[in-house]
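Trainee: File target.cif below, mmCIF, C-alpha atoms and all ligand atoms:
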data_upload
loop_
_atom_site.label_atom_id
_atom_site.label_comp_id
_atom_site.auth_asym_id
_atom_site.auth_seq_id
_atom_site.Cartn_x
_atom_site.Cartn_y
_atom_site.Cartn_z
CA MET Q 1 -15.49 -6.50 1.67
CA ASN Q 2 -13.91 -6.58 5.09
CA ILE Q 3 -10.35 -5.38 5.19
CA SER Q 4 -7.56 -5.38 7.78
CA LEU Q 5 -4.31 -3.45 7.71
CA ILE Q 6 -1.30 -4.98 9.43
CA GLN Q 7 0.38 -2.01 11.09
CA SER Q 8 3.60 -3.65 12.15
CA TYR Q 9 7.15 -3.28 13.41
CA ILE Q 10 9.85 -4.09 10.86
CA ALA Q 11 13.31 -5.31 11.84
CA LEU Q 12 16.03 -3.46 9.95
CA GLY Q 13 17.93 -5.71 7.57
CA ASP Q 14 16.52 -8.99 8.96
CA PRO Q 15 14.23 -10.70 6.42
CA ASP Q 16 13.95 -13.94 8.47
CA ALA Q 17 12.64 -12.04 11.50
CA ASN Q 18 10.26 -10.03 9.31
CA PHE Q 19 8.81 -13.06 7.51
CA ALA Q 20 8.20 -14.76 10.88
CA HIS Q 21 6.68 -11.64 12.44
CA LEU Q 22 4.40 -10.84 9.51
CA ALA Q 23 3.21 -14.47 9.40
CA GLU Q 24 2.19 -14.15 13.08
CA GLN Q 25 0.41 -10.84 12.50
CA MET Q 26 -1.43 -12.16 9.45
CA ASP Q 27 -2.62 -15.22 11.39
CA LYS Q 28 -3.80 -12.90 14.15
CA ALA Q 29 -5.74 -10.81 11.63
CA LEU Q 30 -7.67 -13.88 10.51
CA GLN Q 31 -8.69 -14.70 14.07
CA GLN Q 32 -10.75 -11.52 14.43
CA GLU Q 33 -14.49 -11.92 14.96
CA THR Q 34 -15.12 -10.54 11.46
CA LYS Q 35 -12.77 -12.40 9.17
CA PRO Q 36 -11.14 -10.03 6.66
CA ASP Q 37 -11.52 -10.57 2.91
CA ILE Q 38 -8.42 -8.46 2.26
CA LEU Q 39 -5.17 -8.07 4.21
CA VAL Q 40 -2.77 -5.17 3.57
CA LEU Q 41 0.90 -5.05 4.62
CA PRO Q 42 3.29 -2.05 4.97
CA GLU Q 43 6.11 -0.94 2.66
CA MET Q 44 9.52 -2.71 2.41
CA TRP Q 45 8.50 -5.14 5.12
CA ASN Q 46 11.15 -7.77 4.28
CA THR Q 47 14.21 -5.57 4.88
CA GLY Q 48 13.11 -2.16 6.13
CA TYR Q 49 15.24 0.71 4.80
CA ALA Q 50 18.53 -1.20 5.06
CA LEU Q 51 19.58 0.49 1.84
CA ASP Q 52 23.35 0.03 2.35
CA GLN Q 53 22.89 -3.75 2.24
CA ILE Q 54 19.85 -3.85 0.00
CA HIS Q 55 21.55 -5.65 -2.91
CA GLU Q 56 22.47 -8.55 -0.60
CA LEU Q 57 19.19 -8.63 1.33
CA ALA Q 58 16.58 -8.09 -1.40
CA ASP Q 59 14.40 -11.05 -2.36
CA LEU Q 60 15.76 -12.55 -5.60
CA ASN Q 61 12.99 -12.23 -8.20
CA GLY Q 62 10.58 -11.91 -5.27
CA GLU Q 63 10.49 -15.72 -5.02
CA ARG Q 64 10.41 -16.06 -1.24
CA THR Q 65 7.71 -13.41 -0.95
CA HIS Q 66 5.71 -14.89 -3.78
CA THR Q 67 5.66 -18.35 -2.21
CA PHE Q 68 4.87 -17.00 1.25
CA LEU Q 69 2.02 -14.66 0.27
CA SER Q 70 0.51 -16.86 -2.42
CA THR Q 71 0.42 -19.88 -0.08
CA PHE Q 72 -1.08 -17.80 2.71
CA ALA Q 73 -3.75 -16.29 0.43
CA LYS Q 74 -4.80 -19.68 -0.95
CA LYS Q 75 -4.76 -21.51 2.39
CA ASN Q 76 -6.89 -18.82 4.03
CA GLN Q 77 -9.02 -17.79 1.02
CA VAL Q 78 -8.08 -14.15 1.51
CA HIS Q 79 -6.82 -11.41 -0.83
CA VAL Q 80 -3.37 -10.19 0.15
CA VAL Q 81 -2.15 -6.74 -0.88
CA GLY Q 82 1.42 -7.56 0.00
CA GLY Q 83 2.68 -4.10 1.00
CA SER Q 84 6.00 -3.92 -0.74
CA ILE Q 85 9.33 -5.68 -0.55
CA ALA Q 86 12.86 -5.07 -1.74
CA GLU Q 87 12.93 -7.23 -4.86
CA LYS Q 88 16.14 -8.02 -6.75
CA VAL Q 89 15.94 -8.54 -10.50
CA GLU Q 90 19.34 -9.12 -12.15
CA ASP Q 91 21.51 -6.27 -10.78
CA ARG Q 92 18.63 -3.95 -9.89
CA VAL Q 93 16.53 -3.65 -6.72
CA TYR Q 94 12.91 -2.47 -6.87
CA ASN Q 95 10.42 -1.48 -4.17
CA THR Q 96 7.66 -3.84 -5.31
CA MET Q 97 4.08 -4.66 -4.34
CA TYR Q 98 2.59 -8.08 -5.08
CA VAL Q 99 -1.15 -8.76 -4.86
CA PHE Q 100 -2.70 -12.23 -4.59
CA ASN Q 101 -6.35 -13.27 -4.77
CA ARG Q 102 -8.16 -15.88 -2.69
CA GLU Q 103 -6.91 -18.66 -4.97
CA GLY Q 104 -3.33 -17.58 -4.39
CA ARG Q 105 -2.99 -16.25 -7.95
CA GLN Q 106 -0.93 -13.09 -8.44
CA THR Q 107 -3.29 -10.36 -9.69
CA ALA Q 108 -0.89 -7.41 -9.70
CA LYS Q 109 2.74 -6.40 -9.39
CA TYR Q 110 3.73 -2.75 -9.03
CA SER Q 111 7.16 -1.21 -8.49
CA LYS Q 112 7.26 2.25 -6.87
CA ILE Q 113 7.65 4.87 -9.59
CA HIS Q 114 8.56 7.87 -7.41
CA LEU Q 115 11.71 7.14 -5.40
CA PHE Q 116 12.07 9.16 -2.19
CA CYS Q 117 15.24 11.25 -2.34
CA LEU Q 118 15.11 12.24 1.38
CA MET Q 119 15.87 8.57 2.13
CA GLU Q 120 18.28 8.30 -0.83
CA GLU Q 121 16.14 5.61 -2.39
CA GLU Q 122 17.24 6.68 -5.86
CA LYS Q 123 20.89 5.86 -5.01
CA HIS Q 124 20.08 2.21 -4.25
CA LEU Q 125 16.81 1.35 -5.98
CA THR Q 126 15.47 1.41 -9.51
CA ALA Q 127 12.15 3.10 -10.18
CA GLY Q 128 9.23 1.22 -11.70
CA VAL Q 129 8.03 2.38 -15.09
CA GLU Q 130 4.35 1.55 -15.17
CA THR Q 131 1.16 2.32 -13.29
CA VAL Q 132 -1.02 -0.58 -12.19
CA THR Q 133 -4.73 -1.21 -11.66
CA PHE Q 134 -6.23 -4.59 -10.84
CA GLU Q 135 -9.59 -6.23 -10.16
CA MET Q 136 -10.22 -7.85 -6.81
CA GLU Q 137 -13.84 -9.11 -6.87
CA ASP Q 138 -17.46 -7.89 -6.84
CA GLY Q 139 -16.55 -4.96 -9.12
CA LEU Q 140 -13.83 -3.77 -6.79
CA PHE Q 141 -11.14 -2.28 -9.01
CA ALA Q 142 -8.04 -1.01 -7.28
CA GLY Q 143 -4.94 1.06 -7.98
CA ALA Q 144 -1.44 0.55 -6.63
CA SER Q 145 0.76 3.20 -5.06
CA ILE Q 146 3.55 3.18 -2.47
CA CYS Q 147 4.28 5.83 0.20
CA TYR Q 148 5.87 8.91 -1.47
CA ASP Q 149 3.62 8.26 -4.53
CA ILE Q 150 0.75 9.99 -2.69
CA ARG Q 151 2.53 13.34 -3.12
CA PHE Q 152 1.84 13.02 -6.85
CA PRO Q 153 -1.90 13.56 -7.44
CA GLU Q 154 -1.43 12.81 -11.15
CA LEU Q 155 -0.81 9.16 -10.29
CA SER Q 156 -3.94 8.58 -8.21
CA ARG Q 157 -6.04 10.56 -10.71
CA SER Q 158 -4.79 8.40 -13.58
CA LEU Q 159 -5.57 5.24 -11.58
CA ALA Q 160 -9.08 6.56 -10.84
CA LEU Q 161 -9.56 7.35 -14.54
CA ALA Q 162 -8.48 3.78 -15.33
CA GLY Q 163 -11.35 2.53 -13.11
CA ALA Q 164 -9.88 2.24 -9.61
CA LYS Q 165 -12.35 2.64 -6.76
CA VAL Q 166 -9.78 2.02 -4.07
CA LEU Q 167 -6.19 3.19 -3.77
CA PHE Q 168 -3.78 1.03 -1.78
CA VAL Q 169 -0.85 2.80 -0.10
CA PRO Q 170 1.66 0.68 1.82
CA ALA Q 171 4.12 3.00 3.52
CA GLU Q 172 7.09 3.63 5.80
CA TRP Q 173 6.11 7.26 6.44
CA PRO Q 174 8.16 8.74 9.29
CA ASN Q 175 7.90 11.50 11.85
CA PRO Q 176 7.57 14.46 11.81
CA ARG Q 177 5.23 14.49 8.78
CA LEU Q 178 1.99 13.10 10.25
CA HIS Q 179 0.15 16.23 9.09
CA HIS Q 180 1.26 15.63 5.49
CA TRP Q 181 0.32 11.94 5.68
CA ARG Q 182 -3.22 12.53 6.94
CA THR Q 183 -3.86 15.51 4.66
CA LEU Q 184 -2.49 13.93 1.48
CA LEU Q 185 -4.39 10.67 2.03
CA SER Q 186 -7.65 12.57 2.67
CA ALA Q 187 -7.08 14.74 -0.40
CA ARG Q 188 -6.47 11.72 -2.64
CA ALA Q 189 -9.73 10.15 -1.35
CA ILE Q 190 -11.86 13.31 -1.72
CA GLU Q 191 -10.53 14.50 -5.09
CA ASN Q 192 -10.78 11.04 -6.68
CA GLN Q 193 -13.92 9.99 -4.80
CA MET Q 194 -12.28 6.68 -4.01
CA TYR Q 195 -11.36 4.63 -0.93
CA VAL Q 196 -7.81 5.19 0.26
CA VAL Q 197 -6.34 2.30 2.25
CA ALA Q 198 -2.95 3.19 3.69
CA CYS Q 199 -0.88 0.82 5.84
CA ASN Q 200 2.09 2.42 7.58
CA ARG Q 201 4.71 0.75 9.78
CA VAL Q 202 5.57 1.61 13.39
CA GLY Q 203 8.80 1.55 15.37
CA THR Q 204 12.28 2.94 14.95
CA SER Q 205 15.04 2.49 12.42
CA GLY Q 206 18.27 4.29 13.34
CA ASP Q 207 17.25 7.90 14.03
CA THR Q 208 13.94 7.57 12.19
CA THR Q 209 10.65 6.85 13.95
CA PHE Q 210 7.47 5.76 12.19
CA PHE Q 211 4.13 6.86 13.59
CA GLY Q 212 1.67 4.30 12.24
CA HIS Q 213 -1.70 6.04 11.84
CA SER Q 214 -2.68 3.60 9.11
CA MET Q 215 -5.96 4.76 7.63
CA ILE Q 216 -9.04 3.65 5.75
CA ILE Q 217 -10.76 6.68 4.22
CA ASP Q 218 -14.01 6.43 2.29
CA PRO Q 219 -14.82 8.13 -1.06
CA TRP Q 220 -16.56 11.00 0.77
CA GLY Q 221 -13.40 11.63 2.79
CA GLU Q 222 -14.70 10.19 6.06
CA ILE Q 223 -12.17 8.28 8.12
CA VAL Q 224 -13.50 4.74 8.51
CA ALA Q 225 -10.61 3.65 10.75
CA GLU Q 226 -7.26 5.02 11.89
CA GLY Q 227 -4.48 3.39 13.87
CA GLY Q 228 -2.50 4.74 16.79
CA GLU Q 229 1.28 4.68 17.08
CA ASP Q 230 1.78 1.04 18.14
CA GLU Q 231 1.52 -2.28 16.42
CA GLU Q 232 -2.15 -3.06 15.73
CA LEU Q 233 -4.75 -4.22 13.23
CA ILE Q 234 -6.89 -1.55 11.60
CA SER Q 235 -10.11 -2.92 10.15
CA GLY Q 236 -13.08 -1.65 8.17
CA TYR Q 237 -15.48 -2.37 5.34
CA LEU Q 238 -15.20 -1.35 1.66
CA ASP Q 239 -18.43 -0.81 -0.28
CA PRO Q 240 -17.71 -0.25 -4.01
CA GLU Q 241 -21.23 1.19 -4.45
CA LEU Q 242 -20.36 4.09 -2.18
CA THR Q 243 -17.81 5.23 -4.76
CA ASP Q 244 -20.53 5.21 -7.45
CA SER Q 245 -22.98 7.18 -5.30
CA VAL Q 246 -20.39 9.82 -4.31
CA ARG Q 247 -19.38 10.18 -7.98
CA GLN Q 248 -23.05 10.69 -8.92
CA ARG Q 249 -23.61 13.22 -6.15
CA ILE Q 250 -20.71 15.49 -7.21
CA PRO Q 251 -19.85 14.57 -10.82
CA VAL Q 252 -16.20 15.57 -10.66
CA PHE Q 253 -15.17 13.15 -13.39
CA GLU Q 254 -17.77 14.55 -15.82
CA ASP Q 255 -16.81 18.16 -14.99
CA ARG Q 256 -13.08 17.83 -15.68
CA ASN Q 257 -11.51 19.95 -18.44
CA PRO Q 258 -8.41 17.93 -19.23
CA HIS Q 259 -7.71 19.89 -22.43
CA LEU Q 260 -6.92 22.93 -20.24
CA TYR Q 261 -4.49 21.22 -17.87
CA LYS Q 262 -0.82 21.56 -18.81
CA LEU Q 263 0.81 18.79 -16.81
CA ASP Q 264 4.10 18.33 -18.69
O1 LIG Q 301 6.96 11.82 1.42
C1 LIG Q 301 7.26 11.60 2.61
O2 LIG Q 301 7.24 12.50 3.46
C2 LIG Q 301 7.63 10.22 3.06
C3 LIG Q 301 7.87 9.28 1.92
C4 LIG Q 301 8.61 8.06 2.33
O3 LIG Q 301 9.01 7.90 3.45
C5 LIG Q 301 8.80 6.97 1.36
O4 LIG Q 301 8.37 7.06 0.21
O5 LIG Q 301 9.38 5.93 1.76
#
Just give me the structure as structure tokens.
Mentor:
Amino acid sequence: MNISLIQSYIALGDPDANFAHLAEQMDKALQQETKPDILVLPEMWNTGYALDQIHELADLNGERTHTFLSTFAKKNQVHVVGGSIAEKVEDRVYNTMYVFNREGRQTAKYSKIHLFCLMEEEKHLTAGVETVTFEMEDGLFAGASICYDIRFPELSRSLALAGAKVLFVPAEWPNPRLHHWRTLLSARAIENQMYVVACNRVGTSGDTTFFGHSMIIDPWGEIVAEGGEDEELISGYLDPELTDSVRQRIPVFEDRNPHLYKLD
């Protein structure tokens, strides 16, 4: 399946501007010579990290996002891995990913389970409480994660054990930790023998700058595509059979000794 990552600017605390901008970028992605089957958006694209105002700005029950992404997916017959948004449910705000298939049907919803204390996420947001895998099509099973989640190898391993052949990672990963970003994403791909598809934002928010470098990494750890530091589309091809052949070549999953690992 052909896939495009929308490495985008995000306006701080301005959902109207962000919905309009993402709509433009998504339309642009569909005009490429090779039409993508899957589009991927960055993390918290509706509000950015406007955490002080997040209870006022977050999308109530994700309704605006749901309508926007579902309509887009159906109209254009494309899967949309909707990055994540600030989603308000009763008096709580979650950092939530929605996924829609080509018919515009929601196939997954995941709320970030590891909140990032360096950005004080835990003071404003509520953590999700479940891990999520979902089927796209043609045997392509995927796992959901968001940004800081990639520092927790237990999560991606459990998604791989549940059948995921691709790990999606929308992010707002800032400078100066490019080295961590590239290394952690490569490690998650190599150790789990799965595709890692990571869409980061670009631009500045207060004192924080975001470096882009969105990546598609294959199950052997080869970089299929990597962005620069400006707004751009990053595109590649996902072949679920490559995951199977890498897993046969080095049978990591058969050679595990889970009874010896003390993870708690
Ligand atoms: O772990 C990091 O260095 C960055 C994580 C982050 O920015 C986030 O989860 O929003």
Trainee: Which one of Q:Thr96, Q:Asn101, Q:Asn200, Q:Gln193 sits closest to Gly221 of chain Q if you count only C-alpha atoms?
Mentor: Q:Gln193
Trainee: List as a ChimeraX atom specification the protein and nucleic acid residues near Val93 of chain Q, meaning an atom at most 7 Å away when only C-alpha atoms are counted, but skip any in the same chain fewer than 3 places from it.
Mentor: /Q:55,58,86-89,125-126
Trainee: Hey, which residues come within 6 Å of ligand LIG 301 (chain Q) if we count only C-alpha atoms and all ligand atoms? Could you give them as a PyMOL selection string?
Mentor: chain Q and resi 116+147-148+172-174
Trainee: Could you jot down the atom CA of Gly139 of chain Q to atom CA of Asp37 of chain Q separation for me, Å, one decimal place?
Mentor: 14.2 Å
Trainee: Find the distance between atom CA of Ser235 of chain Q and atom CA of Ser4 of chain Q and write it in Å to one decimal.
Mentor: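 Distance reported for this atom pair: 4.3 Å.
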Trainee: One number please: atom CA of Arg247 of chain Q to atom CA of Ser156 of chain Q, in Å, one decimal.
Mentor: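 Distance reported for this atom pair: 15.5 Å.
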Trainee: Select, from Q:Phe68, Q:His213, Q:Thr107, Q:Phe253, the residue with the minimum atom-to-atom distance to Ala160 of chain Q, counting only C-alpha atoms.
Mentor: Q:Phe253
Trainee: From the list Q:Leu167, Q:Leu161, Q:Ala198, Q:Ile223, which residue is nearest Val252 of chain Q when using only C-alpha atoms?
Mentor: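 Ranked by minimum distance to Val252 of chain Q, first place goes to Q:Leu161.
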Trainee: Within 10 Å of Asp16 of chain Q, counting all atoms listed in the file, which residues show up once you throw out same-chain ones fewer than 4 positions away? Write them as a compact mmCIF listing (two decimals) with C-alpha atoms, in the frame of the given file, please.
Mentor:
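This is the output file selection-v5.txt:
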# COMPACT_ATOMS: atom_id res chain seq x y z
CA ALA Q 11 13.31 -5.31 11.84
CA ALA Q 20 8.20 -14.76 10.88
CA HIS Q 21 6.68 -11.64 12.44
CA ASN Q 46 11.15 -7.77 4.28
CA THR Q 47 14.21 -5.57 4.88
Trainee: My list of candidates is Q:Ser245, Q:Thr65, Q:Gln7, Q:Gln25. Which is closest to Phe210 of chain Q when distances are computed with all atoms listed in the file?
Mentor: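 Among the listed residues, Q:Gln7 lies closest to Phe210 of chain Q.
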Trainee: Using only C-alpha atoms - which residues lie no farther than 12 Å from the point (-17.4, -10.4, -6.7) in the file's frame? Write them as a ChimeraX atom specification.
Mentor: /Q:1,37,101-102,135-141,239-240
Trainee: Give one line per residue of segment 75-166 of chain Q that approaches segment 175-190 of chain Q to at most 7 Å, naming the two atoms of the closest pair and their distance in Å to one decimal, counting only C-alpha atoms; sort by chain then ascending residue number and deliver it as a tab-separated table.
Mentor:
residue	atom	partner	partner_atom	distance
Q:Ile150	CA	Q:Leu184	CA	6.6
Q:Arg151	CA	Q:Leu184	CA	6.8
Q:Pro153	CA	Q:Arg188	CA	6.9
Q:Ser156	CA	Q:Arg188	CA	6.9
Trainee: Which residue is closest to Gly163 of chain Q? Choose from Q:Asp244, Q:Asp255, Q:Glu90, Q:Glu43 and count all atoms listed in the file.
Mentor: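 Smallest separation from Gly163 of chain Q among the options: Q:Asp244.
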Trainee: For Thr243 of chain Q, which of Q:Pro42, Q:Gly203, Q:Pro219, Q:Gly62 is the closest residue, counting all atoms listed in the file?
Mentor: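 Closest to Thr243 of chain Q, using all atoms listed in the file: Q:Pro219.
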Trainee: Here's a test: counting only C-alpha atoms, identify every protein, DNA and RNA residue with an atom at most 7 Å from (-7.8, 2.6, 2.2) in the file's coordinate frame, and state them as a VMD selection string.
Mentor: chain Q and resid 166 to 168 195 to 198 215 to 217
